[in-house]
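Undergrad: Got protein-v5.txt for you, compact mmCIF, C-alpha atoms:
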```txt
# COMPACT_ATOMS: atom_id res chain seq x y z
CA MET N 1 56.52 -69.53 64.95
CA ARG N 2 54.97 -72.91 65.70
CA ASN N 3 51.53 -71.58 64.83
CA LEU N 4 52.70 -70.07 61.52
CA PRO N 5 51.72 -73.09 59.34
CA LYS N 6 48.25 -73.16 60.92
CA LEU N 7 47.91 -69.40 60.44
CA ARG N 8 48.94 -69.73 56.81
CA LYS N 9 46.28 -72.40 56.26
CA ILE N 10 43.61 -70.12 57.70
CA GLU N 11 44.79 -67.18 55.58
CA ASN N 12 44.88 -69.40 52.49
CA LEU N 13 41.31 -70.58 53.15
CA LEU N 14 40.09 -67.01 53.69
CA ILE N 15 41.56 -65.93 50.34
CA GLN N 16 39.92 -68.91 48.63
CA VAL N 17 36.53 -68.09 50.20
CA VAL N 18 36.82 -64.42 49.17
CA ILE N 19 37.60 -65.40 45.57
CA PHE N 20 34.73 -67.91 45.54
CA ALA N 21 32.24 -65.38 46.91
CA ALA N 22 33.46 -62.47 44.75
CA THR N 23 33.17 -64.54 41.57
CA TYR N 24 29.57 -65.52 42.27
CA ILE N 25 28.60 -61.99 43.35
CA PHE N 26 30.03 -60.37 40.23
CA ILE N 27 28.60 -62.96 37.84
CA TYR N 28 25.21 -62.58 39.54
CA ARG N 29 25.35 -58.80 39.16
CA GLN N 30 26.36 -59.08 35.52
CA VAL N 31 23.57 -61.48 34.59
CA PHE N 32 20.69 -60.24 36.71
CA HIS N 33 21.42 -56.52 36.95
CA LYS N 34 23.44 -55.58 33.87
CA SER N 35 22.23 -57.77 31.01
CA ASN N 36 18.52 -56.88 30.64
CA LEU N 37 17.75 -60.51 31.39
CA PRO N 38 13.95 -60.26 30.79
CA GLU N 39 14.57 -58.91 27.28
CA LEU N 40 17.10 -61.67 26.62
CA LEU N 41 14.75 -64.40 27.86
CA LYS N 42 11.98 -63.02 25.69
CA THR N 43 14.28 -63.25 22.65
CA VAL N 44 15.25 -66.88 23.23
CA GLU N 45 12.06 -68.23 24.85
CA ASP N 46 10.43 -69.52 21.68
CA ASP N 47 13.70 -70.58 20.06
CA LEU N 48 14.67 -72.83 22.97
CA ARG N 49 11.79 -75.17 22.12
CA ASN N 50 13.18 -75.64 18.63
CA GLN N 51 15.27 -78.79 18.29
CA GLY N 52 17.41 -77.23 15.56
CA PHE N 53 18.15 -74.30 17.84
CA GLN N 54 19.19 -76.66 20.63
CA SER N 55 21.55 -78.65 18.43
CA ARG N 56 23.25 -75.52 17.08
CA LEU N 57 23.56 -74.15 20.60
CA ALA N 58 25.20 -77.44 21.60
CA VAL N 59 27.83 -76.89 18.89
CA ILE N 60 28.53 -73.42 20.27
CA LEU N 61 28.88 -74.89 23.78
CA ALA N 62 31.27 -77.52 22.43
CA LEU N 63 33.37 -74.73 20.90
CA MET N 64 33.59 -73.19 24.38
CA VAL N 65 35.40 -76.34 25.51
CA VAL N 66 37.67 -76.17 22.44
CA ASN N 67 38.38 -72.50 23.18
CA TRP N 68 39.59 -73.12 26.73
CA CYS N 69 41.37 -76.35 25.83
CA ILE N 70 43.49 -74.40 23.33
CA GLU N 71 44.25 -71.81 26.01
CA ALA N 72 45.13 -74.56 28.50
CA TYR N 73 47.47 -76.23 26.02
CA LYS N 74 49.11 -72.88 25.22
CA TRP N 75 49.72 -72.18 28.91
CA LYS N 76 50.99 -75.73 29.48
CA TYR N 77 53.41 -75.26 26.57
CA LEU N 78 54.68 -71.93 27.88
CA ILE N 79 54.89 -72.81 31.57
CA GLY N 80 56.70 -76.05 30.73
CA LYS N 81 59.96 -74.05 30.66
CA VAL N 82 59.86 -73.71 34.44
CA GLU N 83 57.56 -76.54 35.58
CA LYS N 84 55.98 -79.51 33.85
CA VAL N 85 52.23 -79.65 34.39
CA SER N 86 49.60 -82.03 33.07
CA PHE N 87 46.96 -80.83 30.63
CA PHE N 88 44.24 -81.30 33.25
CA LYS N 89 46.20 -79.22 35.75
CA ALA N 90 46.73 -76.54 33.10
CA PHE N 91 42.99 -76.59 32.37
CA GLN N 92 42.28 -76.11 36.09
CA ALA N 93 44.73 -73.20 36.21
CA VAL N 94 43.07 -71.52 33.24
CA LEU N 95 39.59 -71.82 34.77
CA THR N 96 40.72 -70.48 38.16
CA GLY N 97 42.31 -67.61 36.27
CA VAL N 98 38.96 -66.90 34.60
CA SER N 99 37.29 -66.90 38.03
CA ILE N 100 39.70 -64.39 39.54
CA SER N 101 39.77 -62.27 36.39
CA SER N 102 35.99 -61.94 36.45
CA PHE N 103 36.15 -59.24 39.14
CA THR N 104 39.47 -57.55 38.31
CA PRO N 105 40.15 -54.63 35.89
CA ASN N 106 40.83 -55.83 32.34
CA ARG N 107 41.00 -59.37 33.74
CA VAL N 108 44.50 -58.92 35.20
CA GLY N 109 43.58 -61.45 37.88
CA GLU N 110 44.05 -64.12 35.22
CA PHE N 111 47.83 -63.94 35.73
CA PHE N 112 47.58 -64.55 39.48
CA GLY N 113 44.83 -67.13 39.29
CA ARG N 114 46.94 -69.51 37.26
CA VAL N 115 50.33 -69.39 38.95
CA PHE N 116 49.20 -70.38 42.43
CA ILE N 117 48.52 -73.86 41.13
CA LEU N 118 52.27 -74.31 40.53
CA LYS N 119 54.22 -76.38 43.05
CA GLN N 120 57.89 -75.58 42.44
CA ALA N 121 58.25 -72.72 39.94
CA SER N 122 58.50 -69.13 41.10
CA HIS N 123 55.15 -67.36 41.09
CA ILE N 124 56.74 -64.26 39.58
CA GLU N 125 58.22 -66.35 36.77
CA GLY N 126 54.80 -67.91 36.25
CA ILE N 127 53.14 -64.49 36.04
CA LEU N 128 55.67 -63.23 33.48
CA ILE N 129 55.28 -66.38 31.38
CA THR N 130 51.49 -66.14 31.58
CA MET N 131 51.81 -62.58 30.31
CA VAL N 132 53.62 -63.89 27.22
CA GLY N 133 50.56 -65.97 26.34
CA SER N 134 48.18 -63.11 27.05
CA VAL N 135 50.22 -60.68 24.97
CA SER N 136 50.15 -63.10 22.03
CA GLN N 137 46.35 -63.23 22.25
CA LEU N 138 46.17 -59.45 22.53
CA LEU N 139 48.42 -59.05 19.49
CA VAL N 140 46.18 -61.26 17.37
CA THR N 141 43.16 -59.21 18.48
CA ILE N 142 44.86 -55.88 17.75
CA ILE N 143 46.33 -56.87 14.38
CA LEU N 144 43.12 -58.42 13.02
CA GLY N 145 40.99 -55.69 14.58
CA SER N 146 43.08 -52.89 13.11
CA ALA N 147 42.97 -54.59 9.71
CA ALA N 148 39.18 -54.75 10.02
CA LEU N 149 39.16 -51.05 10.88
CA LEU N 150 40.95 -50.22 7.62
CA VAL N 151 38.21 -52.06 5.72
CA PHE N 152 35.39 -50.66 7.83
CA ILE N 153 36.25 -46.97 7.45
CA PRO N 154 35.95 -46.59 3.63
CA TYR N 155 32.96 -48.93 3.30
CA HIS N 156 30.85 -47.93 6.30
CA LEU N 157 32.01 -44.39 7.04
CA PRO N 158 32.28 -43.10 3.44
CA ASP N 159 31.25 -39.55 4.24
CA THR N 160 33.76 -38.91 7.01
CA LEU N 161 37.08 -37.12 6.75
CA TYR N 162 38.94 -40.34 7.56
CA SER N 163 37.60 -42.42 4.67
CA HIS N 164 39.55 -41.00 1.73
CA GLY N 165 42.51 -38.92 0.72
CA TYR N 166 45.87 -38.57 2.38
CA LEU N 167 44.40 -38.85 5.88
CA PHE N 168 43.13 -42.35 5.21
CA TYR N 169 46.41 -43.41 3.63
CA GLY N 170 48.18 -41.95 6.64
CA ILE N 171 45.99 -44.08 8.93
CA VAL N 172 46.85 -47.15 6.85
CA VAL N 173 50.59 -46.48 7.13
CA ILE N 174 50.37 -45.83 10.88
CA VAL N 175 48.35 -49.01 11.50
CA ILE N 176 50.73 -51.18 9.45
CA LEU N 177 53.84 -49.72 11.12
CA PHE N 178 52.27 -50.08 14.57
CA ASP N 179 51.32 -53.71 13.96
CA LEU N 180 54.81 -54.49 12.64
CA LEU N 181 56.33 -52.81 15.69
CA LEU N 182 54.21 -54.94 18.03
CA LEU N 183 55.17 -58.11 16.18
CA GLY N 184 58.83 -57.12 16.24
CA MET N 185 58.70 -56.55 19.99
CA PHE N 186 56.97 -59.87 20.60
CA PHE N 187 59.47 -61.86 18.56
CA ASN N 188 62.34 -60.16 20.37
CA LEU N 189 61.26 -60.83 23.94
CA SER N 190 64.78 -61.96 24.78
CA VAL N 191 65.87 -58.32 24.46
CA LEU N 192 63.88 -57.60 27.64
CA SER N 193 66.15 -60.02 29.46
CA SER N 194 69.27 -58.16 28.38
CA LEU N 195 67.73 -54.72 29.03
CA LYS N 196 66.51 -55.53 32.52
CA GLU N 197 69.12 -53.22 34.10
CA ARG N 198 67.66 -50.23 32.25
CA ILE N 199 64.01 -51.27 32.42
CA LEU N 200 63.79 -51.73 36.17
CA GLN N 201 64.58 -48.93 38.53
CA LYS N 202 66.46 -49.37 41.79
CA GLY N 203 63.26 -49.96 43.74
CA LEU N 204 62.48 -52.99 41.56
CA GLN N 205 65.93 -54.58 41.52
CA LYS N 206 64.60 -57.80 43.07
CA LEU N 207 62.54 -58.43 39.95
CA ARG N 208 65.54 -58.33 37.62
CA ARG N 209 66.52 -61.92 38.18
CA PHE N 210 63.13 -63.10 36.95
CA PHE N 211 63.43 -61.42 33.55
CA HIS N 212 65.53 -64.30 32.28
CA VAL N 213 62.27 -66.11 31.45
CA PHE N 214 61.91 -63.95 28.33
CA ALA N 215 65.06 -65.55 26.94
CA PHE N 216 63.53 -69.04 27.19
CA TYR N 217 61.58 -68.84 23.95
CA ARG N 218 62.96 -68.99 20.44
CA ASN N 219 61.13 -67.40 17.52
CA ARG N 220 59.84 -70.78 16.38
CA GLU N 221 58.25 -71.35 19.79
CA LEU N 222 56.78 -67.87 19.87
CA ALA N 223 55.36 -68.44 16.37
CA ARG N 224 53.69 -71.59 17.69
CA VAL N 225 52.18 -69.60 20.55
CA MET N 226 50.90 -67.00 18.08
CA LEU N 227 49.37 -69.75 15.94
CA LEU N 228 47.57 -71.16 18.98
CA SER N 229 46.29 -67.68 19.83
CA LEU N 230 45.08 -67.21 16.25
CA THR N 231 43.31 -70.59 16.34
CA ARG N 232 41.60 -69.68 19.59
CA TYR N 233 40.62 -66.30 18.12
CA MET N 234 38.97 -68.04 15.16
CA VAL N 235 37.07 -70.28 17.58
CA PHE N 236 35.47 -67.57 19.71
CA THR N 237 34.82 -65.22 16.78
CA GLY N 238 33.26 -68.20 15.00
CA GLN N 239 31.03 -68.72 18.04
CA PHE N 240 29.89 -65.12 17.76
CA PHE N 241 29.00 -65.58 14.09
CA LEU N 242 27.09 -68.81 14.81
CA LEU N 243 25.13 -67.07 17.55
CA LEU N 244 24.26 -64.22 15.17
CA ARG N 245 22.89 -66.72 12.68
CA LEU N 246 21.15 -68.55 15.50
CA PHE N 247 19.20 -65.36 16.27
CA ASP N 248 18.40 -64.69 12.62
CA VAL N 249 20.87 -61.85 12.07
CA ALA N 250 21.26 -62.21 8.31
CA ILE N 251 24.75 -60.96 7.57
CA PRO N 252 27.42 -62.40 5.24
CA TYR N 253 30.30 -64.20 6.93
CA LEU N 254 33.09 -61.80 5.90
CA HIS N 255 31.07 -58.74 6.91
CA ALA N 256 30.23 -60.32 10.26
CA MET N 257 33.87 -61.25 10.94
CA MET N 258 34.95 -57.68 10.14
CA LEU N 259 32.47 -56.28 12.67
CA ILE N 260 33.30 -58.93 15.27
CA ALA N 261 37.02 -58.21 14.88
CA LEU N 262 36.29 -54.52 15.48
CA ILE N 263 34.26 -55.30 18.59
CA TYR N 264 37.06 -57.36 20.13
CA PHE N 265 39.58 -54.71 19.06
CA ILE N 266 37.67 -51.95 20.87
CA MET N 267 37.17 -54.15 23.95
CA ALA N 268 40.92 -54.87 24.01
CA ILE N 269 42.08 -51.25 23.92
CA ILE N 270 39.60 -49.61 26.32
CA PRO N 271 39.96 -50.12 30.09
CA THR N 272 37.06 -52.04 31.61
CA ILE N 273 36.12 -53.69 34.86
CA ALA N 274 34.04 -56.83 35.16
CA LEU N 275 31.12 -54.90 36.60
CA THR N 276 30.64 -52.98 33.35
CA GLU N 277 32.20 -55.27 30.73
CA LEU N 278 29.01 -57.04 29.65
CA GLY N 279 27.18 -53.74 29.17
CA ILE N 280 30.08 -52.21 27.25
CA ARG N 281 30.44 -55.29 25.07
CA GLY N 282 26.76 -55.16 24.15
CA SER N 283 26.89 -51.41 23.45
CA VAL N 284 29.96 -51.73 21.21
CA ALA N 285 28.36 -54.61 19.30
CA LEU N 286 25.12 -52.71 18.78
CA TYR N 287 27.02 -49.61 17.60
CA PHE N 288 29.02 -51.33 14.86
CA PHE N 289 26.22 -53.61 13.71
CA GLY N 290 23.88 -50.62 13.76
CA LEU N 291 26.18 -48.77 11.37
CA TYR N 292 26.23 -51.80 9.10
CA PHE N 293 22.44 -52.20 9.14
CA ALA N 294 22.00 -48.52 8.28
CA GLN N 295 24.53 -48.73 5.45
CA VAL N 296 22.80 -51.69 3.79
CA HIS N 297 19.32 -50.27 4.49
CA MET N 298 18.22 -53.10 6.77
CA ASN N 299 15.68 -52.71 9.54
CA GLY N 300 17.78 -52.70 12.68
CA GLY N 301 15.04 -53.23 15.28
CA THR N 302 14.74 -57.01 15.25
CA LEU N 303 18.35 -57.42 14.15
CA ASN N 304 19.61 -55.36 17.11
CA ALA N 305 17.74 -57.71 19.46
CA GLY N 306 19.55 -60.64 17.83
CA VAL N 307 22.94 -58.90 18.13
CA PHE N 308 22.27 -58.12 21.78
CA ALA N 309 21.24 -61.72 22.49
CA ALA N 310 24.27 -63.13 20.65
CA SER N 311 26.70 -60.83 22.47
CA THR N 312 25.22 -61.51 25.91
CA ILE N 313 24.98 -65.28 25.53
CA LEU N 314 28.53 -65.44 24.18
CA TRP N 315 29.74 -63.68 27.33
CA MET N 316 27.77 -66.10 29.50
CA ILE N 317 29.11 -69.14 27.64
CA ASN N 318 32.76 -68.12 27.28
CA LEU N 319 33.32 -66.16 30.49
CA GLY N 320 30.41 -66.45 32.91
CA PHE N 321 30.08 -70.23 32.97
CA PRO N 322 33.86 -70.96 32.94
CA ALA N 323 34.30 -68.48 35.82
CA LEU N 324 31.71 -70.34 37.89
CA LEU N 325 33.27 -73.67 36.97
CA GLY N 326 36.68 -72.35 37.95
CA THR N 327 35.53 -71.75 41.51
CA VAL N 328 35.51 -75.55 41.93
CA PHE N 329 39.32 -75.47 41.64
CA VAL N 330 39.91 -72.28 43.63
CA PHE N 331 40.18 -74.34 46.81
CA ARG N 332 43.20 -76.13 45.36
CA LEU N 333 45.21 -72.93 45.10
CA GLN N 334 48.09 -72.52 47.52
CA PHE N 335 48.92 -68.86 48.14
CA PHE N 336 51.58 -69.67 50.74
CA ARG N 337 54.29 -72.27 50.37
CA LYS N 338 55.98 -74.27 53.06
CA GLN N 339 59.28 -72.79 54.15
CA GLY N 340 62.45 -74.81 54.08
```
Show me this structure written as structure tokens.
TA:
Amino acid sequence: MRNLPKLRKIENLLIQVVIFAATYIFIYRQVFHKSNLPELLKTVEDDLRNQGFQSRLAVILALMVVNWCIEAYKWKYLIGKVEKVSFFKAFQAVLTGVSISSFTPNRVGEFFGRVFILKQASHIEGILITMVGSVSQLLVTIILGSAALLVFIPYHLPDTLYSHGYLFYGIVVIVILFDLLLLGMFFNLSVLSSLKERILQKGLQKLRRFFHVFAFYRNRELARVMLLSLTRYMVFTGQFFLLLRLFDVAIPYLHAMMLIALIYFIMAIIPTIALTELGIRGSVALYFFGLYFAQVHMNGGTLNAGVFAASTILWMINLGFPALLGTVFVFRLQFFRKQG
């Protein structure tokens, strides 16, 4: 047992190295093998020499910092129930979460990437609390995306069966009831704490004691978390719109936000892995914007190139670069704690 601490250090370092290497490998594959990089570079080559283009791109980069600062503050606020952390430490945790999530299905690694920066709090408690923040962000995406869908169907799919009559009204009712159900569940998280005996089967009895974390948050606190998630949503959807305008995609703000909300909605409800996410994101964006261009009789050729460039660069700015930056802090993660 004397060699156990030394063995743990070696195992901890190996995990850190694997995460570091996996992040760089997956980001490399996304950018150089999945993003049609030559086509992207051709689109932005001339624009990069333009000083106005550079200044507007700087604003979009600044919004990236705002985006992740909001997420860091939200996590700091939530995790403060079990352990007080500084904003800088929370920011590190968020970035390491982005790194680990970059090569995991639907970014589930985000939960684990953050909690191993904690010193005293239970990792399982940290994961469950992190899920509260992620669920709030998902709810905002689903609610606004489903609302955008109800606008999109009658205006951009007018000739389909779903766009009019009782079927459309039925879709409206189902969407509203579903969104209200999700909100009701979120603002009654404490019920999960009281239902833990029924939720968890005998094989998962050890997890029951951790479910008390859902009773930590009052509705006012959960509303604050939702407001932070909404603010962050407006930041990264705003980035998308600015990038569209940057690449000369002439589309009114409200129409663009409807399509962007739909894109994030679809990305939220379909299972993806990091290896294919960038390609799927670009395909979904081109599909919905293509429908819009056809509906308003606009030439989609050049505009599609702008949509593709905006979608790809947004991924690089908001996920690719933060994931690489997060690897700097991966070596501070402690996957094994001292005993006793």
Undergrad: Atom CA of Ile313 of chain N and atom CA of Leu40 of chain N are how many Å apart?
TA: 8.7 Å
Undergrad: Of the candidates N:Asn304, N:Ser101, N:Gln239, N:Thr23, which one gets nearest to Leu57 of chain N if we count all atoms listed in the file?
TA: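 That would be N:Gln239, the residue with the smallest distance to Leu57 of chain N.
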Undergrad: By how many Å are atom CA of Ile117 of chain N and atom CA of Val235 of chain N apart?
TA: 26.4 Å
Undergrad: When you look at Gly326 of chain N with a cut-off of 10 Å (counting only C-alpha atoms), what residues show up, excluding the ones that are within fewer than 6 positions of it in the same chain? I need them as a list of chain:residue names.
TA: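 Here the answer would be N:Phe20, N:Thr23, N:Phe91, N:Gln92, N:Ala93, N:Val94, N:Leu95, N:Thr96, N:Gly97, N:Val98, N:Ser99, N:Ile100, N:Gly113, N:Gly320.
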Undergrad: Give me a file of those residues, with C-alpha atoms, as a PDB file, in the frame of the given file.
TA:
```pdb
ATOM      1  CA  PHE N  20      34.730 -67.910  45.540  1.00  0.00           C
ATOM      2  CA  THR N  23      33.170 -64.540  41.570  1.00  0.00           C
ATOM      3  CA  PHE N  91      42.990 -76.590  32.370  1.00  0.00           C
ATOM      4  CA  GLN N  92      42.280 -76.110  36.090  1.00  0.00           C
ATOM      5  CA  ALA N  93      44.730 -73.200  36.210  1.00  0.00           C
ATOM      6  CA  VAL N  94      43.070 -71.520  33.240  1.00  0.00           C
ATOM      7  CA  LEU N  95      39.590 -71.820  34.770  1.00  0.00           C
ATOM      8  CA  THR N  96      40.720 -70.480  38.160  1.00  0.00           C
ATOM      9  CA  GLY N  97      42.310 -67.610  36.270  1.00  0.00           C
ATOM     10  CA  VAL N  98      38.960 -66.900  34.600  1.00  0.00           C
ATOM     11  CA  SER N  99      37.290 -66.900  38.030  1.00  0.00           C
ATOM     12  CA  ILE N 100      39.700 -64.390  39.540  1.00  0.00           C
ATOM     13  CA  GLY N 113      44.830 -67.130  39.290  1.00  0.00           C
ATOM     14  CA  GLY N 320      30.410 -66.450  32.910  1.00  0.00           C
TER      15      GLY N 320
END
```
Undergrad: Measuring between all atoms listed in the file, which one of N:Ile280, N:Val328, N:Ala294, N:Ala148 shows the shortest distance to Leu259 of chain N?
TA: N:Ala148
Undergrad: Rounded to one decimal, what separation in Å do you get between atom CA of Val330 of chain N and atom CA of Gln16 of chain N?
TA: 6.0 Å
Undergrad: Ranking N:Phe112, N:Phe288, N:Phe247, N:Tyr217 by minimum distance to Leu78 of chain N and counting all atoms listed in the file, which one comes first?
TA: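 Using all atoms listed in the file, the shortest distance to Leu78 of chain N belongs to N:Tyr217.
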Undergrad: Calculated over all atoms listed in the file, which of the candidates N:Arg56, N:Ala250, N:Lys81, N:Phe186 has the smallest distance to Ala121 of chain N?
TA: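 The shortest atom-to-atom distance to Ala121 of chain N comes from N:Lys81.
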Undergrad: Could you check which of N:Thr237, N:Ser190, N:Ser311, N:Leu303 is closest to Ala215 of chain N, using only C-alpha atoms?
TA: N:Ser190
Undergrad: Find the spatial neighbours of Leu254 of chain N, counting only C-alpha atoms, within a cut-off of 12 Å - ignore same-chain residues fewer than 3 positions away - and output them as a list in words.
TA: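 These residues fall inside the cut-off: Ala148, Val151, Phe152, Thr237, Gly238, Phe241, Ile251, Met257, Met258, Leu259, Ile260 and Ala261 of chain N.
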Undergrad: If you keep C-alpha atoms, can you produce a file of those selected residues as a short mmCIF file (atom, residue, chain, number, x, y, z; two decimals), keeping the file's coordinate frame?
TA:
```
data_model
loop_
_atom_site.label_atom_id
_atom_site.label_comp_id
_atom_site.auth_asym_id
_atom_site.auth_seq_id
_atom_site.Cartn_x
_atom_site.Cartn_y
_atom_site.Cartn_z
CA ALA N 148 39.18 -54.75 10.02
CA VAL N 151 38.21 -52.06 5.72
CA PHE N 152 35.39 -50.66 7.83
CA THR N 237 34.82 -65.22 16.78
CA GLY N 238 33.26 -68.20 15.00
CA PHE N 241 29.00 -65.58 14.09
CA ILE N 251 24.75 -60.96 7.57
CA MET N 257 33.87 -61.25 10.94
CA MET N 258 34.95 -57.68 10.14
CA LEU N 259 32.47 -56.28 12.67
CA ILE N 260 33.30 -58.93 15.27
CA ALA N 261 37.02 -58.21 14.88
#
```
Undergrad: Between N:Trp75, N:Phe289, N:Phe103, N:Phe32, which is the closest to Ala90 of chain N once you count only C-alpha atoms?
TA: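 Ranking N:Trp75, N:Phe289, N:Phe103, N:Phe32 by distance to Ala90 of chain N, first place goes to N:Trp75.
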Undergrad: Please list as a list of chain:residue names every residue within 7 Å of segment 61-67 of chain N, counting all atoms listed in the file and excluding residues in the same chain fewer than 4 positions away.
TA: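 Result of the neighbour search: N:Leu57, N:Glu71, N:Arg232, N:Val235, N:Phe236, N:Ile317, N:Asn318.
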